[in-house]
Amino acid sequence: MEKKKSRTLISDFLSNTGLSRRSFIKTTAITGAAVTLGSGMMPKMKALAQAAAPSSNGMGKWMPATCQGCTSWCSVQVYIIDGRAVKVRGNPHSKVNLGASCPRAHLGLQQIYDPDRLKVPMKRTNPKKGRNEDPKFVPISWDEALDTIADKIMDLRKNDETHKYMLMRGRYSYMRDILYDRMTKIIGSPNNISHSSLCAEAEKFGPYYTEGFWGYRQYDVTNANYILLWGADPLSANRQVSYYSKVWGDAVDRATIAIVEPRLSATATKADEWMPIKPGYDGALAVAIAHVLLTKGLWYKPFVGDFVDGQNHFILGQTVDEESFEEIHTHGIVKWWNSELKDKTPEWAAKLTGLDVDQIERVATDYGNAAPHAISWVGGGPVMQVRGGYSSMATHALNGLVGAVDNKGGTQQTNKEYTSKFPKPDDFLDDIAKNGKKHGKIDHRGRLHFPCLNSGKSGGGVITNNAAEGILNEDPNEIKVAIAYMNNFSFSAPQSERWERALSKIPFLVHMTTNASEFSWFSDIILPDTHHMFEKWGYVKAHANGYRHVTLMQPIVKQTYDYKTDETEIPWLIAEKLAKRGFDNLLSHFKEYKDPETGKAPENEKEFALYSLKHATQNLWDPAKYKGGDKIKGWEEFIKIGVWNSDPYPIRKKWSNMKTKTKKFEFYSETLKEALGKHAEKHGVTIDEVMKATNYLARGEMAFVPHFEEPFILGDEKEYPFVHVDHKSRLNREGRSANCTWYYDFKDIDPGDEAWDDVAKINPIDAKPLGIKSGDPIKLSSVTGSLSCTAKLWEGVRPGTIAKCFGQGHWAYGQLASKEFGKTPRGGSSNDIIPAQYEALSGASAYYGLTRLKIEKI
Amino acid sequence: MKLRIWIGLLGLGILAGLITTFRIHTEGFVVYAKTDVLAWTLPLATYIFFSLTSAGLAFVSSIPIVLGLKRFEVIEKRTIFLEFSVLIGSFVCLILHLGSPLKVIYFLLSPNLTSPLWWIGTLYTIYFIIIVTAFWQRHTARTSRTLGILIFLIAIATSTTLGWLMGMTDARPLLNPSFLIMYFPLTAFVCGMAALLLFSLATAYFSNKEISPEKNDLYNELARIMGITAGLVLILFLWRSIIGGVSSTAYEYSTFRHMIGSISYNTELWLGMLLPCVLMLARSIRITGWGKIVASASLLIGMLAGRMELILSGLVRPLGQMAEGRPEFVTYMPSLSEVYVVLFGLSVILLIYTIGERYLKLEELPE
Amino acid sequence: MSRYAMVIDLQRCVGCSSCSISCRTENNVSEGIYWSHKRTETVGTFPNVRFHYLPTLCNHCENAPCVRGCPTNAMHKLDNGITMHDSKKCIGCRYCMINCPYGVIHFNWKDPHSFWRGKEAVLKGGTSSPVEENRAVGGKIMPYYNPEREETFSGIRPKGVVEKCTFCDHRVKKGKLPRCVESCPADARIFGDLDDPKSDVNKLIGKFRPFRLKESLGTKPKVFYIRDFSSASYPKTKGGI
């Protein structure tokens, strides 16, 4: 009924195209006549019609900036009138985002001028901490705030317990190492905890253990003939949304686009094939596609190689002799076939995935036929799962089969860039610091259960969300003093309630933030931070379109209040205070960050912020140090353009030169075998025991090949009948858009969502038996928590699943973000229903295909 | 004493209206149940209702001159005065409908002759002047033939132009102009008769005055015409429902089917047409004072609902981008402030009428 | 003179609303009012479903019903074909809203930008109220106010009058593209002069068979749509019985 209505609505809107054609012809005839009459005025008009270049006759000036609304990190420009930011657009100088800007950059304006931004430092006056304890913050001076912080750090140093200091990082720029690394080390603590594993580490796991690349890939979509996306939604979220938005219309023309995702995402709306898979079964689909590619002989022979006799011996159910196949740039295809692929037919996958067998066959075949310009695009959905590590490998391995790795129209790594590191801290570590650093990390990385094999190293990666357990259990030690910046773990980390308790336990917690968030609520001192897009010196790197850019953040507006910058100014000021208390190592270290132009050492926090940036980017702007990419004449020109672009990406340079153990693309991962082996050895166990400890089912050789693992989903199916599907909004500036009116006014651009509401999308087939209608207030519960929101019946979601967007459900952050500040949330936060679970091999927090839900009407 | 209570009640109505006016000035139209979809609501419906009723009264008042039926002269003065009072009431509602009423000066400074709304404004201004003149003439001597005919013509002009106003918008075919230019004058006429009957009989009742037999005959005659006209309106109305709502397949007309179930539609049908028609065609009821009063009151209430129904028919289905995020049909329930506007207009009418009744000898026959 | 028109390429459009949000910043448009907007619909039944997005804005009709109906010429046509509004002459009758077949005209039911009129701060002494914030930044009603809008129109339209898209007449006048065109990340909007046979809009109109909204009404809109939002391919079939 409802469907019919909406269809007629639009058909009414587009009414009568038959008639319109006729009247249109009439119009064009008239237009023609007018044209001949009015041709005298043509030149000026032509100039306008083609006017792409901005003219300068406005009241303001376009200044370069960087948007960190998501991790696309687009270079943008901000229109400044009398020191006021008025509007935003993409920076045309960037070869990465090509002058395009996705919608979220505009919301930056409502962030910088958010009335709920902290304007002065504040301190807590209610000693009791908890969700229901009003902190009773009162304003204090910067001096008082910094003095208190310095005193607390000095106390730790006096008592030789600097390991009880902790630094938590959220949204950062590459100035991060000053605060995150150098300051933590010089104070003497091992505990610098980043947010990275809340982000996407499992997404990097597959590429690393196949092609030796721990990082985000760029996808050459304009040269691709097939784009197969796994839970990635590039038109809406992370990464390079602006760039992909710009070229998607061309990609659609050229390539067939298939998207595997239980929810009809923004990208799915424009795809040729939507594969609404059962959450957690992506690995099954990937190996079935691999099976088809091999049995049909569609693998890309110039990359993978071929059977010695030229015959295809990949026949259903039959093992193949390893010697019979000669590989070129890959390793272990036969082992993969024999151990995993030989029985994994589309029929087998159809049963598990709930997809149509013809569609699986068709997608696999068309994908293979498009080789080598056939992208398999690994997004977060299929891999940020408890057993997602091998899905990450399986989905990425398809790129290896079709030769799309490091290829035109395929998947590419990053270009070279030439920024430099900050001065080393080693000379400034005293004995207290050295002792402190020797302690174990609070997040338990590298323990048997948490291999966190970042770049092959056991304990190489962070396991952010587990730090809450470390703090709560004082394991390996208690945390006495913690500083955090631009993070909000008690909102952004799954099972956030654990963080509420953990943060309450820290005796002295400092939060640098723009808004008083759910994290600030538990803090003793909150410091007003600058806004990255308009008020701070910094830089970030990003890549797409075959280029990498280094884009600058600069203070380009008149700063309304005395905000200070988290990564540079505040550490400097703390260093000054520490020096006054007799500990000047940090300040002495910071004085090494000299202005590359004058050689002058910084004398205050402002100079420090500027010199450290100039130092880090000198190779890009100093012609004397030129190493490649854009040629820039000097610092002044650099800050005017705001972005440096690399040389174009050189394709196929990595074939047989990959950073894997075999230098080949590994279908049988010797690299993972070694990493797991080392981790097992460290703990004196077998690899099978590591598999068991990390909740994986694979044993023996299976641990080294991409394979399907039955998903690990929490909650009894009878009590919790639906599987949760979490997703991001194209307006989410990470979790920070919820205090912007535009966020709500335009929320319905996320397919299925509603303006000024927070909805859970339920398939009508599921909702009807429960008597749930669109607009009903509902409660969603998992085994670990619940949230309240509004029901929305929608055909774009797989029956048996409930899709809910992340971003709302703040109970602090601002007057709009929360229904009642400090008390009642507006909407529901996904992290209240997502349990704290991990893809332990990478350390990534699991978000998807993780928990079952029940719905109740309220 | 009775008069004081009456004036007190009217004073309350006017006070409610003035408070609403103040709130509109300070808070804006958020005090109304209006949205960008329901841009026209009860205040405008009431304006249309009053202005058409006034036109209808004009039809009645011009009977003696236009149709030469001299026996109707006994009610002429009261009718003209009623026209005037109801017109003022309609202006009150119109002013409280406009977002920036003070800028109506631009009607003069920047006229747009293609706009039916401009014509409405202009015609009603002329109408107002004519009525005032006519009443003055009638009060001092007798209405001139020219003026009587003019009143008749201007009433036709205003009621049909209102049909153009509502019907100009092609995108809302439910507001069918060819239907409206018939329907408006006809319903105006029937409302005019009802208003006259109601006011005359109520005045007589409250002032405990005996109604003269010849006047009583005249009222019965009017009541009969009213019953017949209500029947004609009913036929038009039913055909509109059948053609638009039942037999049409056009998507836009689905709104009709939606409206048929609505309160305003049914009030219009049952109270505005069927009941008065049946009551006034039954002689035994028609000749009673109460019969006429109930029938006229019912008709007027029904017709006010009818004006609302008409506007809603045109508006409840959001057009174009207004449909985004909205249901196929939006619902409307007047806010308290909107009801106050109706009471305001009504109180103004009644107050003016009461004053006229007391001081202006509305019973007076022409010399 | 010129006759401005816009072509919207639905295939390029990614449905992101950058047009609508950037329009807010250019024209100081209040919450709840959409000069630039959209029509969306979800068509089909799982798993055969797609979501469609059609950007909308004032069509700047050649035969504009809003202009015909406006009693005071507040709504009027410029020589370059733009349908323009004059807040000063607007009596707030909303007849244009009734007449517009496309629902693109909004009314200011209350003082615009109500969020920025708030007087509460969430943390006493530590944060500002919206009013204080605006005062500190030095904007007008809201801190990111764009004064360039005032050049041809009310900077912010007061309560009691209507407002709608003006094709950014103030920018066009200076040879700049309308803001939604400039800011579209997908280059889905193409703007130009119908009277210039060489303009890109004419090239596209001639290449495709564009459609316009509700053309049967004879309004002659100046916004043309080409190609499809979902241009998916499908396996060849004759169907079956």
# chains A, B, ... in the order shown; residues from 1 in each chain; ligands from 1
call {"tool": "interface_residues", "arguments": {"of": "chain B", "to": "chain C", "cutoff": "8 Å", "atoms": "only C-alpha atoms", "output": "compact mmCIF listing (two decimals) with all heavy atoms, in the first residue's frame"}}
result
# COMPACT_ATOMS: atom_id res chain seq x y z
N GLU B 27 5.03 36.36 17.66
CA GLU B 27 5.55 35.01 17.44
C GLU B 27 5.48 34.57 15.99
O GLU B 27 6.20 33.67 15.58
CB GLU B 27 4.77 34.00 18.29
CG GLU B 27 4.97 34.18 19.78
CD GLU B 27 3.93 33.43 20.58
OE1 GLU B 27 3.70 32.23 20.29
OE2 GLU B 27 3.30 34.02 21.48
N GLY B 28 4.57 35.19 15.23
CA GLY B 28 4.39 34.75 13.85
C GLY B 28 3.28 33.73 13.76
O GLY B 28 2.61 33.44 14.75
N PHE B 29 3.14 33.17 12.57
CA PHE B 29 2.02 32.28 12.33
C PHE B 29 2.20 30.90 12.96
O PHE B 29 1.42 30.00 12.70
CB PHE B 29 1.78 32.14 10.83
CG PHE B 29 1.00 33.28 10.27
CD1 PHE B 29 1.25 33.75 8.99
CD2 PHE B 29 -0.01 33.87 11.00
CE1 PHE B 29 0.52 34.80 8.47
CE2 PHE B 29 -0.74 34.92 10.49
CZ PHE B 29 -0.48 35.39 9.21
N VAL B 30 3.27 30.75 13.73
CA VAL B 30 3.41 29.45 14.40
C VAL B 30 2.23 29.19 15.33
O VAL B 30 1.99 28.06 15.71
CB VAL B 30 4.74 29.32 15.16
CG1 VAL B 30 5.86 28.99 14.22
CG2 VAL B 30 5.04 30.59 15.93
N THR B 35 1.34 24.97 7.81
CA THR B 35 2.65 24.52 7.36
C THR B 35 2.81 25.04 5.94
O THR B 35 1.89 25.66 5.39
CB THR B 35 2.73 22.99 7.33
OG1 THR B 35 1.80 22.52 6.35
CG2 THR B 35 2.40 22.39 8.67
N ASP B 36 3.97 24.75 5.35
CA ASP B 36 4.15 25.15 3.96
C ASP B 36 3.18 24.42 3.03
O ASP B 36 2.95 24.84 1.91
CB ASP B 36 5.59 24.93 3.53
CG ASP B 36 6.51 26.03 4.06
OD1 ASP B 36 6.02 27.16 4.23
OD2 ASP B 36 7.69 25.76 4.32
N ALA B 39 -0.88 26.14 3.59
CA ALA B 39 -0.57 27.56 3.65
C ALA B 39 -1.84 28.39 3.88
O ALA B 39 -1.78 29.52 4.31
CB ALA B 39 0.13 27.99 2.37
N TRP B 40 -2.97 27.82 3.51
CA TRP B 40 -4.25 28.48 3.73
C TRP B 40 -5.07 27.60 4.67
O TRP B 40 -5.25 26.42 4.41
CB TRP B 40 -5.01 28.63 2.40
CG TRP B 40 -4.49 29.72 1.51
CD1 TRP B 40 -3.45 30.55 1.77
CD2 TRP B 40 -4.99 30.08 0.22
NE1 TRP B 40 -3.27 31.40 0.71
CE2 TRP B 40 -4.21 31.16 -0.25
CE3 TRP B 40 -6.03 29.62 -0.59
CZ2 TRP B 40 -4.42 31.76 -1.49
CZ3 TRP B 40 -6.24 30.21 -1.82
CH2 TRP B 40 -5.45 31.28 -2.27
N HIS B 97 -5.06 36.66 8.17
CA HIS B 97 -4.53 35.60 7.32
C HIS B 97 -3.23 36.05 6.65
O HIS B 97 -2.32 35.25 6.42
CB HIS B 97 -5.57 35.23 6.25
CG HIS B 97 -5.00 34.47 5.09
ND1 HIS B 97 -4.77 33.11 5.12
CD2 HIS B 97 -4.60 34.87 3.85
CE1 HIS B 97 -4.26 32.72 3.96
NE2 HIS B 97 -4.14 33.76 3.18
N LEU B 98 -3.13 37.34 6.35
CA LEU B 98 -1.97 37.85 5.62
C LEU B 98 -0.75 37.92 6.54
O LEU B 98 -0.85 38.28 7.71
CB LEU B 98 -2.25 39.24 5.06
CG LEU B 98 -3.34 39.31 3.99
CD1 LEU B 98 -3.56 40.75 3.55
CD2 LEU B 98 -2.99 38.44 2.79
N GLY B 99 0.41 37.60 5.96
CA GLY B 99 1.63 37.64 6.76
C GLY B 99 2.07 39.07 7.03
O GLY B 99 2.60 39.39 8.08
N SER B 100 1.88 39.95 6.07
CA SER B 100 2.30 41.34 6.23
C SER B 100 1.19 42.26 5.76
O SER B 100 1.29 42.89 4.71
CB SER B 100 3.56 41.60 5.41
OG SER B 100 4.52 40.62 5.68
N PRO B 101 0.09 42.35 6.54
CA PRO B 101 -1.11 43.08 6.07
C PRO B 101 -0.86 44.56 5.81
O PRO B 101 -1.54 45.16 4.98
CB PRO B 101 -2.11 42.87 7.20
CG PRO B 101 -1.32 42.45 8.38
CD PRO B 101 -0.10 41.79 7.88
N LEU B 102 0.15 45.12 6.51
CA LEU B 102 0.36 46.56 6.34
C LEU B 102 0.85 46.90 4.94
O LEU B 102 0.74 48.02 4.49
CB LEU B 102 1.35 47.08 7.38
CG LEU B 102 0.85 46.94 8.82
CD1 LEU B 102 1.89 47.43 9.80
CD2 LEU B 102 -0.46 47.71 9.00
N LYS B 103 1.38 45.88 4.26
CA LYS B 103 1.94 46.15 2.94
C LYS B 103 0.89 46.13 1.83
O LYS B 103 1.25 46.21 0.66
CB LYS B 103 3.03 45.14 2.63
CG LYS B 103 4.24 45.27 3.54
CD LYS B 103 5.39 44.48 2.96
CE LYS B 103 6.26 43.86 4.02
NZ LYS B 103 6.96 42.69 3.52
N VAL B 104 -0.40 46.03 2.20
CA VAL B 104 -1.41 45.99 1.13
C VAL B 104 -1.41 47.28 0.32
O VAL B 104 -2.01 47.37 -0.74
CB VAL B 104 -2.84 45.71 1.66
CG1 VAL B 104 -2.99 44.26 2.04
CG2 VAL B 104 -3.18 46.62 2.81
N TYR B 106 0.81 48.09 -1.43
CA TYR B 106 1.39 47.73 -2.73
C TYR B 106 0.34 47.29 -3.74
O TYR B 106 0.62 47.17 -4.92
CB TYR B 106 2.48 46.66 -2.55
CG TYR B 106 3.77 47.25 -2.04
CD1 TYR B 106 4.12 47.11 -0.71
CD2 TYR B 106 4.61 47.96 -2.90
CE1 TYR B 106 5.30 47.66 -0.22
CE2 TYR B 106 5.78 48.51 -2.42
CZ TYR B 106 6.12 48.38 -1.08
OH TYR B 106 7.28 48.92 -0.63
N PHE B 107 -0.90 47.07 -3.27
CA PHE B 107 -1.99 46.85 -4.21
C PHE B 107 -2.11 48.07 -5.12
O PHE B 107 -2.41 47.96 -6.30
CB PHE B 107 -3.31 46.64 -3.46
CG PHE B 107 -3.62 45.20 -3.20
CD1 PHE B 107 -2.93 44.48 -2.25
CD2 PHE B 107 -4.65 44.58 -3.90
CE1 PHE B 107 -3.23 43.15 -2.02
CE2 PHE B 107 -4.95 43.24 -3.66
CZ PHE B 107 -4.24 42.53 -2.72
N LEU B 109 0.43 50.63 -5.25
CA LEU B 109 1.73 51.02 -5.79
C LEU B 109 2.21 50.09 -6.89
O LEU B 109 2.91 50.50 -7.80
CB LEU B 109 2.77 51.06 -4.66
CG LEU B 109 2.48 52.03 -3.53
CD1 LEU B 109 3.58 51.99 -2.48
CD2 LEU B 109 2.33 53.46 -4.08
N SER B 110 1.86 48.83 -6.77
CA SER B 110 2.41 47.86 -7.71
C SER B 110 1.35 46.83 -8.09
O SER B 110 1.42 45.68 -7.73
CB SER B 110 3.62 47.19 -7.03
OG SER B 110 4.16 46.21 -7.86
N PRO B 111 0.32 47.29 -8.81
CA PRO B 111 -0.78 46.39 -9.11
C PRO B 111 -0.42 45.33 -10.16
O PRO B 111 0.35 45.61 -11.07
CB PRO B 111 -1.86 47.33 -9.66
CG PRO B 111 -1.10 48.47 -10.24
CD PRO B 111 0.16 48.62 -9.42
N ASN B 112 -0.96 44.14 -10.02
CA ASN B 112 -0.75 43.11 -11.03
C ASN B 112 -2.11 42.65 -11.54
O ASN B 112 -2.84 41.92 -10.87
CB ASN B 112 0.01 41.93 -10.41
CG ASN B 112 0.25 40.83 -11.43
OD1 ASN B 112 0.03 41.03 -12.63
ND2 ASN B 112 0.68 39.67 -10.96
N LEU B 113 -2.44 43.07 -12.74
CA LEU B 113 -3.78 42.82 -13.26
C LEU B 113 -4.02 41.37 -13.64
O LEU B 113 -5.15 40.96 -13.87
CB LEU B 113 -4.05 43.72 -14.47
CG LEU B 113 -3.94 45.23 -14.20
CD1 LEU B 113 -4.51 46.03 -15.35
CD2 LEU B 113 -4.67 45.63 -12.92
N THR B 114 -2.97 40.58 -13.71
CA THR B 114 -3.20 39.16 -14.01
C THR B 114 -3.53 38.36 -12.75
O THR B 114 -3.80 37.19 -12.82
CB THR B 114 -1.96 38.51 -14.67
OG1 THR B 114 -0.87 38.54 -13.73
CG2 THR B 114 -1.54 39.23 -15.94
N SER B 115 -3.48 39.04 -11.63
CA SER B 115 -3.70 38.31 -10.39
C SER B 115 -5.15 38.40 -9.93
O SER B 115 -5.66 39.49 -9.67
CB SER B 115 -2.79 38.89 -9.30
OG SER B 115 -3.20 38.39 -8.04
N PRO B 116 -5.82 37.26 -9.82
CA PRO B 116 -7.19 37.29 -9.31
C PRO B 116 -7.24 37.89 -7.91
O PRO B 116 -8.24 38.51 -7.54
CB PRO B 116 -7.62 35.83 -9.30
CG PRO B 116 -6.43 35.02 -9.60
CD PRO B 116 -5.38 35.90 -10.16
N LEU B 117 -6.18 37.70 -7.19
CA LEU B 117 -6.17 38.22 -5.83
C LEU B 117 -6.19 39.75 -5.84
O LEU B 117 -6.83 40.40 -5.00
CB LEU B 117 -4.93 37.71 -5.08
CG LEU B 117 -4.94 37.93 -3.58
CD1 LEU B 117 -6.15 37.27 -2.93
CD2 LEU B 117 -3.67 37.37 -2.96
N TRP B 118 -5.50 40.33 -6.83
CA TRP B 118 -5.54 41.78 -6.94
C TRP B 118 -6.96 42.24 -7.23
O TRP B 118 -7.49 43.17 -6.64
CB TRP B 118 -4.59 42.27 -8.04
CG TRP B 118 -4.53 43.76 -8.11
CD1 TRP B 118 -3.74 44.57 -7.36
CD2 TRP B 118 -5.36 44.62 -8.91
NE1 TRP B 118 -4.00 45.88 -7.65
CE2 TRP B 118 -5.00 45.95 -8.60
CE3 TRP B 118 -6.37 44.40 -9.85
CZ2 TRP B 118 -5.60 47.05 -9.21
CZ3 TRP B 118 -6.96 45.48 -10.46
CH2 TRP B 118 -6.58 46.80 -10.13
N MET B 168 -7.53 29.22 -10.19
CA MET B 168 -6.51 29.56 -11.16
C MET B 168 -5.38 28.54 -11.19
O MET B 168 -4.71 28.34 -12.18
CB MET B 168 -5.92 30.94 -10.86
CG MET B 168 -5.04 31.42 -12.02
SD MET B 168 -4.26 33.00 -11.69
CE MET B 168 -2.62 32.50 -11.26
N THR B 169 -5.20 27.87 -10.07
CA THR B 169 -4.02 27.04 -9.97
C THR B 169 -4.21 25.69 -10.66
O THR B 169 -4.89 24.82 -10.16
CB THR B 169 -3.60 26.91 -8.49
OG1 THR B 169 -2.66 25.88 -8.40
CG2 THR B 169 -4.78 26.63 -7.59
N ASP B 170 -3.60 25.55 -11.82
CA ASP B 170 -3.76 24.34 -12.64
C ASP B 170 -3.25 23.09 -11.93
O ASP B 170 -3.68 21.99 -12.21
CB ASP B 170 -2.99 24.49 -13.95
CG ASP B 170 -3.58 25.59 -14.81
OD1 ASP B 170 -4.81 25.79 -14.72
OD2 ASP B 170 -2.82 26.23 -15.57
N ALA B 171 -2.29 23.31 -11.05
CA ALA B 171 -1.68 22.16 -10.41
C ALA B 171 -2.60 21.55 -9.35
O ALA B 171 -2.30 20.49 -8.81
CB ALA B 171 -0.36 22.56 -9.76
N ARG B 172 -3.70 22.22 -9.06
CA ARG B 172 -4.62 21.68 -8.06
C ARG B 172 -5.99 21.54 -8.70
O ARG B 172 -6.90 22.33 -8.45
CB ARG B 172 -4.70 22.62 -6.85
CG ARG B 172 -3.34 22.87 -6.20
CD ARG B 172 -3.44 23.87 -5.06
NE ARG B 172 -2.13 24.33 -4.64
CZ ARG B 172 -1.39 23.72 -3.71
NH1 ARG B 172 -1.84 22.66 -3.11
NH2 ARG B 172 -0.21 24.21 -3.39
N LEU B 315 -5.46 21.51 -0.93
CA LEU B 315 -4.14 21.61 -0.28
C LEU B 315 -3.60 20.34 0.38
O LEU B 315 -2.39 20.22 0.54
CB LEU B 315 -4.20 22.71 0.79
CG LEU B 315 -3.73 24.09 0.36
CD1 LEU B 315 -4.55 24.59 -0.82
CD2 LEU B 315 -3.83 25.08 1.51
N PRO B 318 0.34 17.27 -0.70
CA PRO B 318 1.47 18.17 -0.95
C PRO B 318 1.96 18.06 -2.39
O PRO B 318 2.01 16.97 -2.95
CB PRO B 318 2.56 17.66 0.01
CG PRO B 318 1.90 16.70 0.93
CD PRO B 318 0.66 16.22 0.25
N LEU B 319 2.29 19.21 -2.96
CA LEU B 319 2.77 19.24 -4.34
C LEU B 319 4.29 19.27 -4.37
O LEU B 319 4.93 19.89 -3.53
CB LEU B 319 2.26 20.49 -5.04
CG LEU B 319 0.78 20.56 -5.39
CD1 LEU B 319 0.51 21.83 -6.18
CD2 LEU B 319 0.36 19.35 -6.19
N GLY B 320 4.84 18.66 -5.42
CA GLY B 320 6.27 18.78 -5.70
C GLY B 320 7.13 18.45 -4.50
O GLY B 320 6.90 17.48 -3.79
N GLN B 321 8.13 19.29 -4.27
CA GLN B 321 9.10 18.98 -3.21
C GLN B 321 8.49 19.07 -1.82
O GLN B 321 9.07 18.58 -0.87
CB GLN B 321 10.34 19.86 -3.33
CG GLN B 321 10.10 21.33 -3.03
CD GLN B 321 11.38 22.16 -3.13
OE1 GLN B 321 12.20 21.91 -4.00
NE2 GLN B 321 11.53 23.14 -2.27
N MET B 322 7.32 19.71 -1.70
CA MET B 322 6.67 19.76 -0.39
C MET B 322 6.26 18.36 0.06
O MET B 322 5.98 18.13 1.23
CB MET B 322 5.42 20.64 -0.43
CG MET B 322 5.70 22.10 -0.58
SD MET B 322 6.61 22.76 0.79
CE MET B 322 6.83 24.46 0.24
N ALA B 323 6.17 17.43 -0.92
CA ALA B 323 5.74 16.08 -0.56
C ALA B 323 6.86 15.31 0.11
O ALA B 323 6.63 14.26 0.71
CB ALA B 323 5.28 15.34 -1.82
N GLU B 324 8.11 15.82 0.01
CA GLU B 324 9.25 15.09 0.56
C GLU B 324 9.12 14.94 2.07
O GLU B 324 8.95 15.92 2.80
CB GLU B 324 10.53 15.85 0.20
CG GLU B 324 11.80 15.13 0.56
CD GLU B 324 12.03 13.85 -0.23
OE1 GLU B 324 11.25 13.55 -1.16
OE2 GLU B 324 12.99 13.13 0.09
call {"tool": "residues_around", "arguments": {"residues": "Lys659 in chain A", "least_positions_apart": "5", "cutoff": "7 Å", "atoms": "only C-alpha atoms", "output": "ChimeraX atom specification"}}
result
/A:211-213
call {"tool": "write_last_selection", "arguments": {"atoms": "N, CA and C atoms", "output": "PDB file, in the first residue's frame"}}
result
ATOM      1  N   GLU A 211      49.121  -8.702   0.005  1.00  0.00           N
ATOM      2  CA  GLU A 211      50.071  -7.951  -0.820  1.00  0.00           C
ATOM      3  C   GLU A 211      51.062  -7.107  -0.003  1.00  0.00           C
ATOM      4  N   GLY A 212      51.035  -7.276   1.316  1.00  0.00           N
ATOM      5  CA  GLY A 212      52.041  -6.595   2.132  1.00  0.00           C
ATOM      6  C   GLY A 212      51.839  -5.104   2.264  1.00  0.00           C
ATOM      7  N   PHE A 213      50.584  -4.679   2.263  1.00  0.00           N
ATOM      8  CA  PHE A 213      50.304  -3.247   2.361  1.00  0.00           C
ATOM      9  C   PHE A 213      49.344  -2.997   3.513  1.00  0.00           C
TER      10      PHE A 213
END
call {"tool": "select_by_dssp", "arguments": {"residues": "range 25-182 of chain C", "states": "strand (DSSP E or B)", "output": "ChimeraX atom specification"}}
result
/C:36-45,48-57,75-77,83-85,106-107,140,142,162-163
call {"tool": "write_last_selection", "arguments": {"atoms": "C-alpha atoms", "output": "CSV table (one decimal), in the first residue's frame"}}
result
chain,number,residue,atom,x,y,z
C,36,SER,CA,17.2,23.6,-3.1
C,37,HIS,CA,15.6,20.3,-2.3
C,38,LYS,CA,14.8,16.9,-3.6
C,39,ARG,CA,12.2,14.2,-4.2
C,40,THR,CA,13.2,10.8,-3.2
C,41,GLU,CA,11.4,7.5,-3.3
C,42,THR,CA,12.1,3.8,-2.7
C,43,VAL,CA,10.7,1.7,-5.5
C,44,GLY,CA,10.2,-2.0,-5.5
C,45,THR,CA,10.1,-4.9,-3.1
C,48,ASN,CA,14.4,-5.7,-6.2
C,49,VAL,CA,14.6,-2.3,-4.7
C,50,ARG,CA,16.2,1.0,-5.6
C,51,PHE,CA,16.1,4.4,-4.0
C,52,HIS,CA,15.8,7.4,-6.4
C,53,TYR,CA,16.8,11.0,-5.8
C,54,LEU,CA,15.6,13.9,-7.9
C,55,PRO,CA,17.1,17.3,-7.0
C,56,THR,CA,14.6,20.1,-7.1
C,57,LEU,CA,14.6,23.9,-7.0
C,75,MET,CA,7.0,37.8,-7.4
C,76,HIS,CA,8.3,38.9,-10.8
C,77,LYS,CA,10.4,38.0,-13.7
C,83,THR,CA,11.8,34.4,-11.3
C,84,MET,CA,12.7,36.9,-8.6
C,85,HIS,CA,11.0,37.9,-5.4
C,106,HIS,CA,8.3,28.5,1.5
C,107,PHE,CA,6.8,30.9,4.0
C,140,LYS,CA,24.0,38.8,11.6
C,142,MET,CA,23.7,33.6,12.6
C,162,VAL,CA,7.6,34.0,1.3
C,163,GLU,CA,11.0,33.0,-0.2
call {"tool": "interface_residues", "arguments": {"of": "chain C", "to": "chain A", "cutoff": "6 Å", "atoms": "only C-alpha atoms", "output": "PyMOL selection string"}}
result
chain C and resi 11-12+18+25+45-46+50-51+125-130+133+137+144+146+175+185-186+192+195+213-216+230+232-233
